[in-house]
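Here's model-v6.cif, which has mmCIF, C-alpha atoms:
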data_model
#
loop_
_atom_site.group_PDB
_atom_site.id
_atom_site.type_symbol
_atom_site.label_atom_id
_atom_site.label_comp_id
_atom_site.auth_asym_id
_atom_site.auth_seq_id
_atom_site.Cartn_x
_atom_site.Cartn_y
_atom_site.Cartn_z
ATOM 1 C CA MET P 78 -17.149 5.282 8.922
ATOM 2 C CA LYS P 79 -20.310 6.207 7.016
ATOM 3 C CA LYS P 80 -19.232 8.314 4.022
ATOM 4 C CA ILE P 81 -15.723 7.498 2.831
ATOM 5 C CA LEU P 82 -13.720 9.505 0.297
ATOM 6 C CA VAL P 83 -10.850 7.582 -1.332
ATOM 7 C CA THR P 84 -8.062 9.333 -3.254
ATOM 8 C CA GLY P 85 -5.878 7.373 -5.670
ATOM 9 C CA ALA P 86 -8.806 4.974 -6.002
ATOM 10 C CA LEU P 87 -7.627 3.386 -9.253
ATOM 11 C CA GLY P 88 -4.181 2.443 -7.964
ATOM 12 C CA GLN P 89 -3.061 -0.964 -6.748
ATOM 13 C CA ILE P 90 -4.577 -0.615 -3.278
ATOM 14 C CA GLY P 91 -7.422 1.730 -4.110
ATOM 15 C CA SER P 92 -9.066 -0.288 -6.868
ATOM 16 C CA GLU P 93 -9.511 -3.208 -4.491
ATOM 17 C CA LEU P 94 -10.116 -1.219 -1.314
ATOM 18 C CA VAL P 95 -13.003 0.706 -2.906
ATOM 19 C CA MET P 96 -14.789 -2.522 -3.779
ATOM 20 C CA HIS P 97 -13.997 -4.072 -0.394
ATOM 21 C CA MET P 98 -15.382 -1.069 1.450
ATOM 22 C CA ARG P 99 -18.433 -0.838 -0.812
ATOM 23 C CA SER P 100 -19.247 -4.429 0.091
ATOM 24 C CA ILE P 101 -19.172 -3.424 3.768
ATOM 25 C CA TYR P 102 -20.530 0.150 3.829
ATOM 26 C CA GLY P 103 -22.643 0.252 0.652
ATOM 27 C CA ASN P 104 -21.827 1.325 -2.903
ATOM 28 C CA ASP P 105 -23.083 4.899 -2.523
ATOM 29 C CA ASN P 106 -21.120 5.490 0.671
ATOM 30 C CA VAL P 107 -17.628 5.051 -0.786
ATOM 31 C CA ILE P 108 -16.625 7.882 -3.124
ATOM 32 C CA ALA P 109 -13.776 6.916 -5.429
ATOM 33 C CA THR P 110 -11.524 9.648 -6.851
ATOM 34 C CA ASP P 111 -8.501 9.601 -9.121
ATOM 35 C CA ILE P 112 -6.676 11.847 -11.560
ATOM 36 C CA ARG P 113 -8.156 9.958 -14.512
ATOM 37 C CA ARG P 114 -11.243 7.928 -15.313
ATOM 38 C CA ILE P 115 -11.007 4.385 -16.634
ATOM 39 C CA ASP P 116 -14.332 3.366 -18.131
ATOM 40 C CA GLY P 117 -15.307 -0.185 -17.339
ATOM 41 C CA ASN P 118 -13.311 -0.220 -14.098
ATOM 42 C CA VAL P 119 -15.473 -1.628 -11.300
ATOM 43 C CA ALA P 120 -14.363 1.110 -8.901
ATOM 44 C CA VAL P 121 -15.663 3.658 -11.419
ATOM 45 C CA GLU P 122 -18.840 1.888 -12.464
ATOM 46 C CA SER P 123 -20.122 0.471 -9.165
ATOM 47 C CA GLY P 124 -20.537 3.714 -7.223
ATOM 48 C CA PRO P 125 -19.719 7.435 -7.048
ATOM 49 C CA PHE P 126 -16.569 8.501 -8.889
ATOM 50 C CA GLU P 127 -15.010 11.956 -9.288
ATOM 51 C CA ILE P 128 -11.941 13.180 -11.151
ATOM 52 C CA LEU P 129 -9.472 14.639 -8.640
ATOM 53 C CA ASP P 130 -5.888 15.832 -8.801
ATOM 54 C CA VAL P 131 -4.825 15.730 -5.153
ATOM 55 C CA LYS P 132 -2.690 18.829 -5.720
ATOM 56 C CA ASP P 133 -5.994 20.733 -6.181
ATOM 57 C CA ALA P 134 -6.993 21.455 -2.587
ATOM 58 C CA LYS P 135 -10.123 23.398 -3.544
ATOM 59 C CA ARG P 136 -11.537 20.570 -5.646
ATOM 60 C CA MET P 137 -10.789 18.016 -2.939
ATOM 61 C CA ALA P 138 -12.708 20.064 -0.393
ATOM 62 C CA GLU P 139 -15.624 20.503 -2.801
ATOM 63 C CA ILE P 140 -15.957 16.754 -3.339
ATOM 64 C CA ALA P 141 -15.714 15.997 0.381
ATOM 65 C CA LYS P 142 -18.442 18.553 1.125
ATOM 66 C CA GLN P 143 -20.627 17.409 -1.777
ATOM 67 C CA TYR P 144 -20.759 13.864 -0.416
ATOM 68 C CA ASN P 145 -20.676 14.758 3.299
ATOM 69 C CA ALA P 146 -17.556 12.655 3.808
ATOM 70 C CA ASP P 147 -16.724 11.722 7.399
ATOM 71 C CA THR P 148 -13.616 9.688 6.497
ATOM 72 C CA ILE P 149 -10.757 10.241 4.044
ATOM 73 C CA ILE P 150 -8.619 7.339 2.829
ATOM 74 C CA HIS P 151 -5.689 9.078 1.151
ATOM 75 C CA LEU P 152 -3.828 6.694 -1.176
ATOM 76 C CA ALA P 153 -2.620 8.935 -4.012
ATOM 77 C CA ALA P 154 1.196 8.772 -4.244
ATOM 78 C CA LEU P 155 4.114 7.925 -6.498
ATOM 79 C CA LEU P 156 5.764 4.631 -5.519
ATOM 80 C CA SER P 157 9.430 4.009 -4.813
ATOM 81 C CA ALA P 158 11.056 3.434 -8.201
ATOM 82 C CA VAL P 159 8.929 6.050 -9.982
ATOM 83 C CA ALA P 160 9.522 8.552 -7.184
ATOM 84 C CA GLU P 161 13.267 8.056 -7.465
ATOM 85 C CA ALA P 162 13.108 8.788 -11.192
ATOM 86 C CA LYS P 163 10.864 11.841 -10.663
ATOM 87 C CA PRO P 164 11.764 13.213 -7.203
ATOM 88 C CA VAL P 165 10.284 16.709 -7.634
ATOM 89 C CA LEU P 166 6.959 15.338 -8.841
ATOM 90 C CA ALA P 167 7.043 12.779 -6.033
ATOM 91 C CA TRP P 168 7.395 15.515 -3.425
ATOM 92 C CA ASP P 169 4.594 17.546 -5.011
ATOM 93 C CA ILE P 170 2.197 14.605 -5.056
ATOM 94 C CA ASN P 171 3.217 12.666 -1.969
ATOM 95 C CA MET P 172 3.570 15.654 0.354
ATOM 96 C CA GLY P 173 1.466 18.328 -1.333
ATOM 97 C CA GLY P 174 -1.432 15.934 -1.791
ATOM 98 C CA LEU P 175 -1.133 14.690 1.780
ATOM 99 C CA PHE P 176 -1.122 18.231 3.163
ATOM 100 C CA ASN P 177 -4.254 19.074 1.164
ATOM 101 C CA ALA P 178 -6.038 15.941 2.352
ATOM 102 C CA LEU P 179 -5.143 16.612 5.986
ATOM 103 C CA GLU P 180 -6.423 20.167 5.673
ATOM 104 C CA VAL P 181 -9.746 18.909 4.331
ATOM 105 C CA ALA P 182 -9.918 16.396 7.180
ATOM 106 C CA ARG P 183 -9.218 19.191 9.687
ATOM 107 C CA GLU P 184 -11.818 21.538 8.201
ATOM 108 C CA LEU P 185 -14.563 18.908 7.926
ATOM 109 C CA ASN P 186 -13.681 16.880 11.035
ATOM 110 C CA CYS P 187 -13.027 13.701 9.065
ATOM 111 C CA ALA P 188 -11.252 10.591 10.268
ATOM 112 C CA PHE P 189 -8.137 10.055 8.192
ATOM 113 C CA PHE P 190 -6.021 7.151 6.925
ATOM 114 C CA THR P 191 -2.907 7.215 4.782
ATOM 115 C CA PRO P 192 -0.361 4.421 4.346
ATOM 116 C CA SER P 193 3.294 4.686 5.126
ATOM 117 C CA SER P 194 5.729 1.990 4.045
ATOM 118 C CA ILE P 195 8.770 -0.068 4.918
ATOM 119 C CA GLY P 196 10.397 2.480 2.603
ATOM 120 C CA ALA P 197 10.351 4.847 5.595
ATOM 121 C CA PHE P 198 13.298 2.878 6.972
ATOM 122 C CA GLY P 199 16.892 3.169 5.770
ATOM 123 C CA PRO P 200 20.250 1.400 5.850
ATOM 124 C CA SER P 201 20.935 2.485 9.434
ATOM 125 C CA THR P 202 17.681 0.911 10.649
ATOM 126 C CA PRO P 203 18.025 -2.527 12.318
ATOM 127 C CA SER P 204 17.202 -4.860 9.427
ATOM 128 C CA VAL P 205 16.038 -7.968 11.291
ATOM 129 C CA ASN P 206 12.828 -7.797 13.325
ATOM 130 C CA THR P 207 12.819 -4.024 12.804
ATOM 131 C CA PRO P 208 11.251 -2.384 15.882
ATOM 132 C CA GLN P 209 8.118 -0.257 15.811
ATOM 133 C CA ASP P 210 10.093 2.707 17.142
ATOM 134 C CA THR P 211 13.552 2.949 15.614
ATOM 135 C CA ILE P 212 15.845 5.171 13.576
ATOM 136 C CA GLN P 213 14.410 6.245 10.216
ATOM 137 C CA ARG P 214 16.925 7.738 7.804
ATOM 138 C CA PRO P 215 15.783 6.657 4.294
ATOM 139 C CA GLN P 216 17.916 7.485 1.271
ATOM 140 C CA THR P 217 15.148 7.690 -1.345
ATOM 141 C CA MET P 218 12.653 10.436 -2.122
ATOM 142 C CA TYR P 219 9.847 7.940 -1.570
ATOM 143 C CA GLY P 220 11.194 7.133 1.886
ATOM 144 C CA VAL P 221 11.689 10.799 2.725
ATOM 145 C CA THR P 222 8.060 11.548 1.856
ATOM 146 C CA LYS P 223 6.856 8.609 3.922
ATOM 147 C CA VAL P 224 8.764 9.642 7.042
ATOM 148 C CA SER P 225 7.631 13.238 6.542
ATOM 149 C CA GLY P 226 4.065 12.000 6.098
ATOM 150 C CA GLU P 227 4.188 10.029 9.334
ATOM 151 C CA LEU P 228 5.361 13.132 11.201
ATOM 152 C CA LEU P 229 2.806 15.377 9.517
ATOM 153 C CA CYS P 230 -0.055 13.050 10.443
ATOM 154 C CA ASP P 231 1.214 12.945 14.025
ATOM 155 C CA TYR P 232 1.260 16.747 14.015
ATOM 156 C CA TYR P 233 -2.334 17.031 12.764
ATOM 157 C CA PHE P 234 -3.499 14.651 15.469
ATOM 158 C CA LYS P 235 -1.645 16.402 18.283
ATOM 159 C CA LYS P 236 -2.155 19.977 17.080
ATOM 160 C CA PHE P 237 -5.677 19.850 15.623
ATOM 161 C CA GLY P 238 -7.185 16.613 16.966
ATOM 162 C CA VAL P 239 -7.595 15.040 13.518
ATOM 163 C CA ASP P 240 -8.200 11.301 13.972
ATOM 164 C CA THR P 241 -5.247 10.213 11.848
ATOM 165 C CA ARG P 242 -4.311 6.555 11.460
ATOM 166 C CA GLY P 243 -1.891 4.614 9.270
ATOM 167 C CA VAL P 244 0.279 1.565 8.746
ATOM 168 C CA ARG P 245 3.696 0.892 7.274
ATOM 169 C CA PHE P 246 2.818 -1.462 4.446
ATOM 170 C CA PRO P 247 5.296 -4.062 3.238
ATOM 171 C CA GLY P 248 5.286 -5.067 -0.432
ATOM 172 C CA LEU P 249 1.707 -5.775 -1.510
ATOM 173 C CA ILE P 250 0.867 -8.656 -3.837
ATOM 174 C CA SER P 251 -2.351 -8.692 -5.865
ATOM 175 C CA TYR P 252 -3.875 -10.489 -8.844
ATOM 176 C CA GLU P 253 -6.341 -7.677 -9.559
ATOM 177 C CA THR P 254 -4.085 -4.809 -10.642
ATOM 178 C CA LEU P 255 -0.696 -4.553 -12.293
ATOM 179 C CA PRO P 256 2.259 -3.163 -10.315
ATOM 180 C CA GLY P 257 2.736 0.591 -10.240
ATOM 181 C CA GLY P 258 6.482 1.157 -10.040
ATOM 182 C CA GLY P 259 7.438 -0.246 -6.667
ATOM 183 C CA THR P 260 10.598 -2.044 -5.598
ATOM 184 C CA THR P 261 8.643 -5.094 -4.435
ATOM 185 C CA ASP P 262 6.848 -5.426 -7.802
ATOM 186 C CA TYR P 263 8.901 -8.491 -8.724
ATOM 187 C CA ALA P 264 6.746 -10.489 -6.323
ATOM 188 C CA VAL P 265 3.713 -9.695 -8.500
ATOM 189 C CA ASP P 266 5.431 -9.879 -11.901
ATOM 190 C CA ILE P 267 6.761 -13.342 -11.159
ATOM 191 C CA TYR P 268 3.282 -14.904 -11.029
ATOM 192 C CA TYR P 269 2.230 -13.410 -14.372
ATOM 193 C CA GLU P 270 5.422 -14.582 -16.067
ATOM 194 C CA ALA P 271 5.221 -18.008 -14.450
ATOM 195 C CA LEU P 272 1.788 -18.592 -15.941
ATOM 196 C CA LYS P 273 2.488 -17.033 -19.340
ATOM 197 C CA ASN P 274 6.082 -18.081 -20.024
ATOM 198 C CA HIS P 275 7.092 -20.511 -17.242
ATOM 199 C CA LYS P 276 10.137 -18.351 -16.523
ATOM 200 C CA TYR P 277 10.984 -15.047 -14.897
ATOM 201 C CA SER P 278 13.985 -12.721 -14.843
ATOM 202 C CA SER P 279 14.094 -11.008 -11.454
ATOM 203 C CA PHE P 280 15.287 -7.421 -11.124
ATOM 204 C CA ILE P 281 15.989 -8.143 -7.426
ATOM 205 C CA LYS P 282 18.954 -10.392 -6.665
ATOM 206 C CA GLN P 283 18.747 -13.756 -4.953
ATOM 207 C CA GLY P 284 18.970 -13.564 -1.155
ATOM 208 C CA THR P 285 17.278 -10.155 -0.856
ATOM 209 C CA TYR P 286 14.635 -10.541 1.838
ATOM 210 C CA MET P 287 11.719 -8.109 2.013
ATOM 211 C CA ASP P 288 8.452 -8.110 3.922
ATOM 212 C CA MET P 289 5.339 -8.844 1.897
ATOM 213 C CA MET P 290 1.576 -9.110 2.317
ATOM 214 C CA TYR P 291 -1.248 -10.477 0.182
ATOM 215 C CA MET P 292 -3.782 -7.805 -0.708
ATOM 216 C CA PRO P 293 -6.791 -9.346 1.119
ATOM 217 C CA ASP P 294 -4.846 -9.043 4.390
ATOM 218 C CA ALA P 295 -3.931 -5.432 3.590
ATOM 219 C CA LEU P 296 -7.553 -4.459 2.925
ATOM 220 C CA ASN P 297 -8.682 -6.099 6.148
ATOM 221 C CA ALA P 298 -5.942 -4.268 8.059
ATOM 222 C CA ILE P 299 -7.140 -0.858 6.847
ATOM 223 C CA VAL P 300 -10.747 -1.482 7.845
ATOM 224 C CA THR P 301 -9.783 -3.045 11.183
ATOM 225 C CA LEU P 302 -7.556 -0.108 12.089
ATOM 226 C CA MET P 303 -10.146 2.494 11.094
ATOM 227 C CA GLU P 304 -12.806 0.750 13.168
ATOM 228 C CA ALA P 305 -10.512 0.300 16.196
ATOM 229 C CA ASP P 306 -11.074 1.997 19.541
ATOM 230 C CA PRO P 307 -9.048 5.244 19.284
ATOM 231 C CA SER P 308 -8.276 5.222 22.995
ATOM 232 C CA LYS P 309 -6.126 2.111 22.506
ATOM 233 C CA LEU P 310 -3.994 3.563 19.692
ATOM 234 C CA VAL P 311 -0.592 4.648 20.924
ATOM 235 C CA HIS P 312 1.367 4.805 17.665
ATOM 236 C CA ARG P 313 -1.600 5.716 15.494
ATOM 237 C CA ASN P 314 0.069 6.727 12.169
ATOM 238 C CA ALA P 315 2.856 4.296 11.464
ATOM 239 C CA PHE P 316 2.091 0.759 12.655
ATOM 240 C CA ASN P 317 4.489 -1.886 11.409
ATOM 241 C CA ILE P 318 2.490 -4.678 9.751
ATOM 242 C CA THR P 319 3.642 -7.705 7.794
ATOM 243 C CA ALA P 320 2.564 -11.209 6.852
ATOM 244 C CA MET P 321 5.729 -12.854 5.491
ATOM 245 C CA SER P 322 9.336 -12.218 4.552
ATOM 246 C CA PHE P 323 10.981 -13.998 1.625
ATOM 247 C CA GLU P 324 13.595 -13.633 -1.117
ATOM 248 C CA PRO P 325 13.178 -14.343 -4.852
ATOM 249 C CA SER P 326 14.355 -17.955 -4.879
ATOM 250 C CA GLN P 327 11.849 -18.854 -2.161
ATOM 251 C CA ILE P 328 8.856 -17.546 -4.083
ATOM 252 C CA ALA P 329 10.223 -19.304 -7.178
ATOM 253 C CA ALA P 330 10.436 -22.583 -5.261
ATOM 254 C CA GLU P 331 6.841 -22.209 -4.136
ATOM 255 C CA ILE P 332 5.705 -21.564 -7.722
ATOM 256 C CA LYS P 333 7.590 -24.674 -8.913
ATOM 257 C CA LYS P 334 5.325 -26.778 -6.709
ATOM 258 C CA HIS P 335 2.509 -25.786 -9.082
ATOM 259 C CA ILE P 336 4.404 -25.189 -12.364
ATOM 260 C CA LYS P 337 7.087 -27.875 -12.490
ATOM 261 C CA ASP P 338 9.157 -26.406 -15.320
ATOM 262 C CA PHE P 339 9.214 -22.847 -13.974
ATOM 263 C CA GLU P 340 12.683 -21.275 -13.908
ATOM 264 C CA ILE P 341 13.977 -18.058 -12.372
ATOM 265 C CA SER P 342 16.966 -16.029 -13.555
ATOM 266 C CA TYR P 343 18.360 -12.684 -12.475
ATOM 267 C CA ASN P 344 18.902 -9.383 -14.291
ATOM 268 C CA VAL P 345 19.354 -7.012 -11.374
ATOM 269 C CA ASP P 346 18.161 -3.414 -11.657
ATOM 270 C CA PRO P 347 20.773 -1.444 -9.654
ATOM 271 C CA VAL P 348 18.315 1.327 -8.734
ATOM 272 C CA ARG P 349 15.649 -0.940 -7.285
ATOM 273 C CA GLN P 350 18.249 -3.267 -5.776
ATOM 274 C CA ALA P 351 19.812 -0.341 -3.910
ATOM 275 C CA ILE P 352 16.384 0.620 -2.604
ATOM 276 C CA ALA P 353 15.688 -2.965 -1.498
ATOM 277 C CA ASP P 354 19.060 -3.194 0.230
ATOM 278 C CA SER P 355 18.171 -0.154 2.340
ATOM 279 C CA TRP P 356 14.928 -1.719 3.587
ATOM 280 C CA PRO P 357 14.430 -4.220 6.450
ATOM 281 C CA ASP P 358 14.608 -7.971 5.959
ATOM 282 C CA SER P 359 11.796 -8.441 8.473
ATOM 283 C CA ILE P 360 9.781 -6.185 10.775
ATOM 284 C CA ASP P 361 8.142 -6.515 14.181
ATOM 285 C CA CYS P 362 4.376 -5.873 14.181
ATOM 286 C CA THR P 363 3.742 -6.482 17.889
ATOM 287 C CA ALA P 364 2.343 -2.972 18.446
ATOM 288 C CA ALA P 365 -0.318 -3.444 15.743
ATOM 289 C CA ARG P 366 -1.337 -6.783 17.216
ATOM 290 C CA GLN P 367 -1.595 -5.377 20.723
ATOM 291 C CA GLU P 368 -3.211 -2.006 19.996
ATOM 292 C CA TRP P 369 -5.853 -2.937 17.401
ATOM 293 C CA GLY P 370 -5.763 -6.682 16.901
ATOM 294 C CA PHE P 371 -3.894 -6.876 13.599
ATOM 295 C CA SER P 372 -3.613 -10.344 12.108
ATOM 296 C CA SER P 373 -2.880 -11.868 8.712
ATOM 297 C CA LYS P 374 -4.357 -14.949 7.065
ATOM 298 C CA TYR P 375 -2.024 -15.703 4.159
ATOM 299 C CA ASP P 376 1.528 -17.057 4.168
ATOM 300 C CA LEU P 377 3.716 -17.640 1.100
ATOM 301 C CA ALA P 378 2.279 -21.077 0.332
ATOM 302 C CA SER P 379 -1.403 -20.159 0.627
ATOM 303 C CA MET P 380 -0.877 -16.870 -1.206
ATOM 304 C CA THR P 381 0.892 -18.619 -4.095
ATOM 305 C CA THR P 382 -1.907 -21.148 -4.472
ATOM 306 C CA ASP P 383 -4.542 -18.414 -4.522
ATOM 307 C CA MET P 384 -2.555 -16.097 -6.824
ATOM 308 C CA LEU P 385 -1.988 -18.808 -9.431
ATOM 309 C CA ASN P 386 -5.616 -19.949 -9.313
ATOM 310 C CA LYS P 387 -7.024 -16.433 -9.619
ATOM 311 C CA LEU P 388 -4.521 -15.274 -12.238
ATOM 312 C CA SER P 389 -4.954 -18.353 -14.417
ATOM 313 C CA GLY P 390 -8.656 -17.529 -14.614
ATOM 314 C CA LYS P 391 -7.998 -13.878 -15.276
ATOM 315 C CA LEU P 392 -5.470 -14.635 -18.023
ATOM 316 C CA ASN P 393 -7.524 -17.557 -19.370
ATOM 317 C CA ILE P 394 -4.600 -19.949 -18.953
ATOM 318 C CA LYS P 395 -5.403 -23.596 -18.281
#
As structure tokens:
Amino acid sequence: MKKILVTGALGQIGSELVMHMRSIYGNDNVIATDIRRIDGNVAVESGPFEILDVKDAKRMAEIAKQYNADTIIHLAALLSAVAEAKPVLAWDINMGGLFNALEVARELNCAFFTPSSIGAFGPSTPSVNTPQDTIQRPQTMYGVTKVSGELLCDYYFKKFGVDTRGVRFPGLISYETLPGGGTTDYAVDIYYEALKNHKYSSFIKQGTYMDMMYMPDALNAIVTLMEADPSKLVHRNAFNITAMSFEPSQIAAEIKKHIKDFEISYNVDPVRQAIADSWPDSIDCTAARQEWGFSSKYDLASMTTDMLNKLSGKLNIK
């Protein structure tokens, strides 16, 4: 990767991935794009930034040509809960934007990455140690777009030779950016509320296990996969990856080790709970480990320590 175009660069992943990649490849070689500009944002101020609606195929191609992009990291999408509330818009953005980005990659011979998700699985998928290759029948618009996206990326690789790559991300936890409407957002919200109010009301019920990953591990996974030897990639567009699986009371217990009077309660959101219930409890990432050397550094304990330390500084809480 030499010239990298990132869509959805101001989202939860993008805002951190842009800075991570700029530290590796140079500020001028990572072109951040998003549908709006946020002045003062480091992803905007530290290097090239362009306004881009991913539904505008012509503009996307113009930006890619302008900067001589050789790689596209396509992150723009509506997340699970928002997509369920706005299914038509979700299809337009998640699939229309993906199609446009793949077309640009095909025309300009760019390498291509886009994330899938554990949302690509459904209630008929084996929920424990979910295999790399298994039944995928999601019951949400978000999940439908993710499965469709996996297939479309496979098609562009097989039909046109586009070097497409991707992972199925679990819930991602970050201290840098606020959640963006995902089902796993409770695992970010809980840290903010623990520091500010010493209590949290979870919209996911106790005992609901979901796979999670701390953002530094997710960023490293993207770069490692994109730099991997393509001849070793069998699955290519939908690698299962994970770092940990836990349920709300377990993360609460870990927080209590640092904030003794922290308390968790439950006010379950039926929409997001139904989505969570359709997802795996834990997934098998053997293929990612074998094909491109995936690994993770953080577990629940080390992530909690780092999250609380970083967030307390960010929120100016002693």
Query raised in the report: Any chance you could work out the residue set of the PyMOL selection byres ((chain P and resi 202) around 8) here, as a ChimeraX atom specification?
Result: /P:198-201,203-204,207,211-214,357
Query raised in the report: Selected by the PyMOL selection byres ((chain P and resi 296-307) around 8) in the shown coordinates: which residues, as a PyMOL selection string?
Result: chain P and resi 78+90+93-94+97-98+190+242-243+292-295+308-310+369-372
Answer as an mmCIF file with C-alpha atoms, in the frame of the given file, residues within 6 Å of (5.1, 13.6, -5.0) using all atoms listed in the file:
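Just written: point-v6.cif:
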data_model
loop_
_atom_site.group_PDB
_atom_site.id
_atom_site.type_symbol
_atom_site.label_atom_id
_atom_site.label_comp_id
_atom_site.auth_asym_id
_atom_site.auth_seq_id
_atom_site.Cartn_x
_atom_site.Cartn_y
_atom_site.Cartn_z
ATOM 1 C CA LEU P 155 4.114 7.925 -6.498
ATOM 2 C CA LEU P 166 6.959 15.338 -8.841
ATOM 3 C CA ALA P 167 7.043 12.779 -6.033
ATOM 4 C CA TRP P 168 7.395 15.515 -3.425
ATOM 5 C CA ASP P 169 4.594 17.546 -5.011
ATOM 6 C CA ILE P 170 2.197 14.605 -5.056
ATOM 7 C CA ASN P 171 3.217 12.666 -1.969
ATOM 8 C CA MET P 172 3.570 15.654 0.354
#
Written as an mmCIF file with C-alpha atoms, keeping the file's coordinate frame, what is the full residue list that the PyMOL selection byres ((chain P and resi 373-386) around 9) yields on the file shown?
data_model
loop_
_atom_site.group_PDB
_atom_site.id
_atom_site.type_symbol
_atom_site.label_atom_id
_atom_site.label_comp_id
_atom_site.auth_asym_id
_atom_site.auth_seq_id
_atom_site.Cartn_x
_atom_site.Cartn_y
_atom_site.Cartn_z
ATOM 1 C CA ILE P 250 0.867 -8.656 -3.837
ATOM 2 C CA SER P 251 -2.351 -8.692 -5.865
ATOM 3 C CA TYR P 252 -3.875 -10.489 -8.844
ATOM 4 C CA TYR P 268 3.282 -14.904 -11.029
ATOM 5 C CA TYR P 269 2.230 -13.410 -14.372
ATOM 6 C CA ALA P 271 5.221 -18.008 -14.450
ATOM 7 C CA LEU P 272 1.788 -18.592 -15.941
ATOM 8 C CA MET P 289 5.339 -8.844 1.897
ATOM 9 C CA MET P 290 1.576 -9.110 2.317
ATOM 10 C CA TYR P 291 -1.248 -10.477 0.182
ATOM 11 C CA PRO P 293 -6.791 -9.346 1.119
ATOM 12 C CA ASP P 294 -4.846 -9.043 4.390
ATOM 13 C CA ALA P 295 -3.931 -5.432 3.590
ATOM 14 C CA ASN P 297 -8.682 -6.099 6.148
ATOM 15 C CA ALA P 298 -5.942 -4.268 8.059
ATOM 16 C CA THR P 319 3.642 -7.705 7.794
ATOM 17 C CA ALA P 320 2.564 -11.209 6.852
ATOM 18 C CA MET P 321 5.729 -12.854 5.491
ATOM 19 C CA SER P 322 9.336 -12.218 4.552
ATOM 20 C CA PHE P 323 10.981 -13.998 1.625
ATOM 21 C CA GLN P 327 11.849 -18.854 -2.161
ATOM 22 C CA ILE P 328 8.856 -17.546 -4.083
ATOM 23 C CA GLU P 331 6.841 -22.209 -4.136
ATOM 24 C CA ILE P 332 5.705 -21.564 -7.722
ATOM 25 C CA HIS P 335 2.509 -25.786 -9.082
ATOM 26 C CA PHE P 371 -3.894 -6.876 13.599
ATOM 27 C CA SER P 372 -3.613 -10.344 12.108
ATOM 28 C CA LYS P 387 -7.024 -16.433 -9.619
ATOM 29 C CA LEU P 388 -4.521 -15.274 -12.238
ATOM 30 C CA SER P 389 -4.954 -18.353 -14.417
ATOM 31 C CA GLY P 390 -8.656 -17.529 -14.614
ATOM 32 C CA LYS P 391 -7.998 -13.878 -15.276
#
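Atom CA of Ala138 of chain P to atom CA of Tyr102 of chain P spans 21.8 Å [interatomic distance, one decimal].
Across the structure, atom CA of Ile360 of chain P and atom CA of Tyr277 of chain P are spaced 27.2 Å apart.
Those DNA, RNA and protein residues that approach the point (9.1, 5.9, -13.7) to within 12 Å, considering all atoms listed in the file, are Leu155, Leu156, Ser157, Ala158, Val159, Ala160, Glu161, Ala162, Lys163, Pro164, Leu166, Ala167, Pro256, Gly257, Gly258, Gly259, Thr260, Val348 and Arg349 of chain P.
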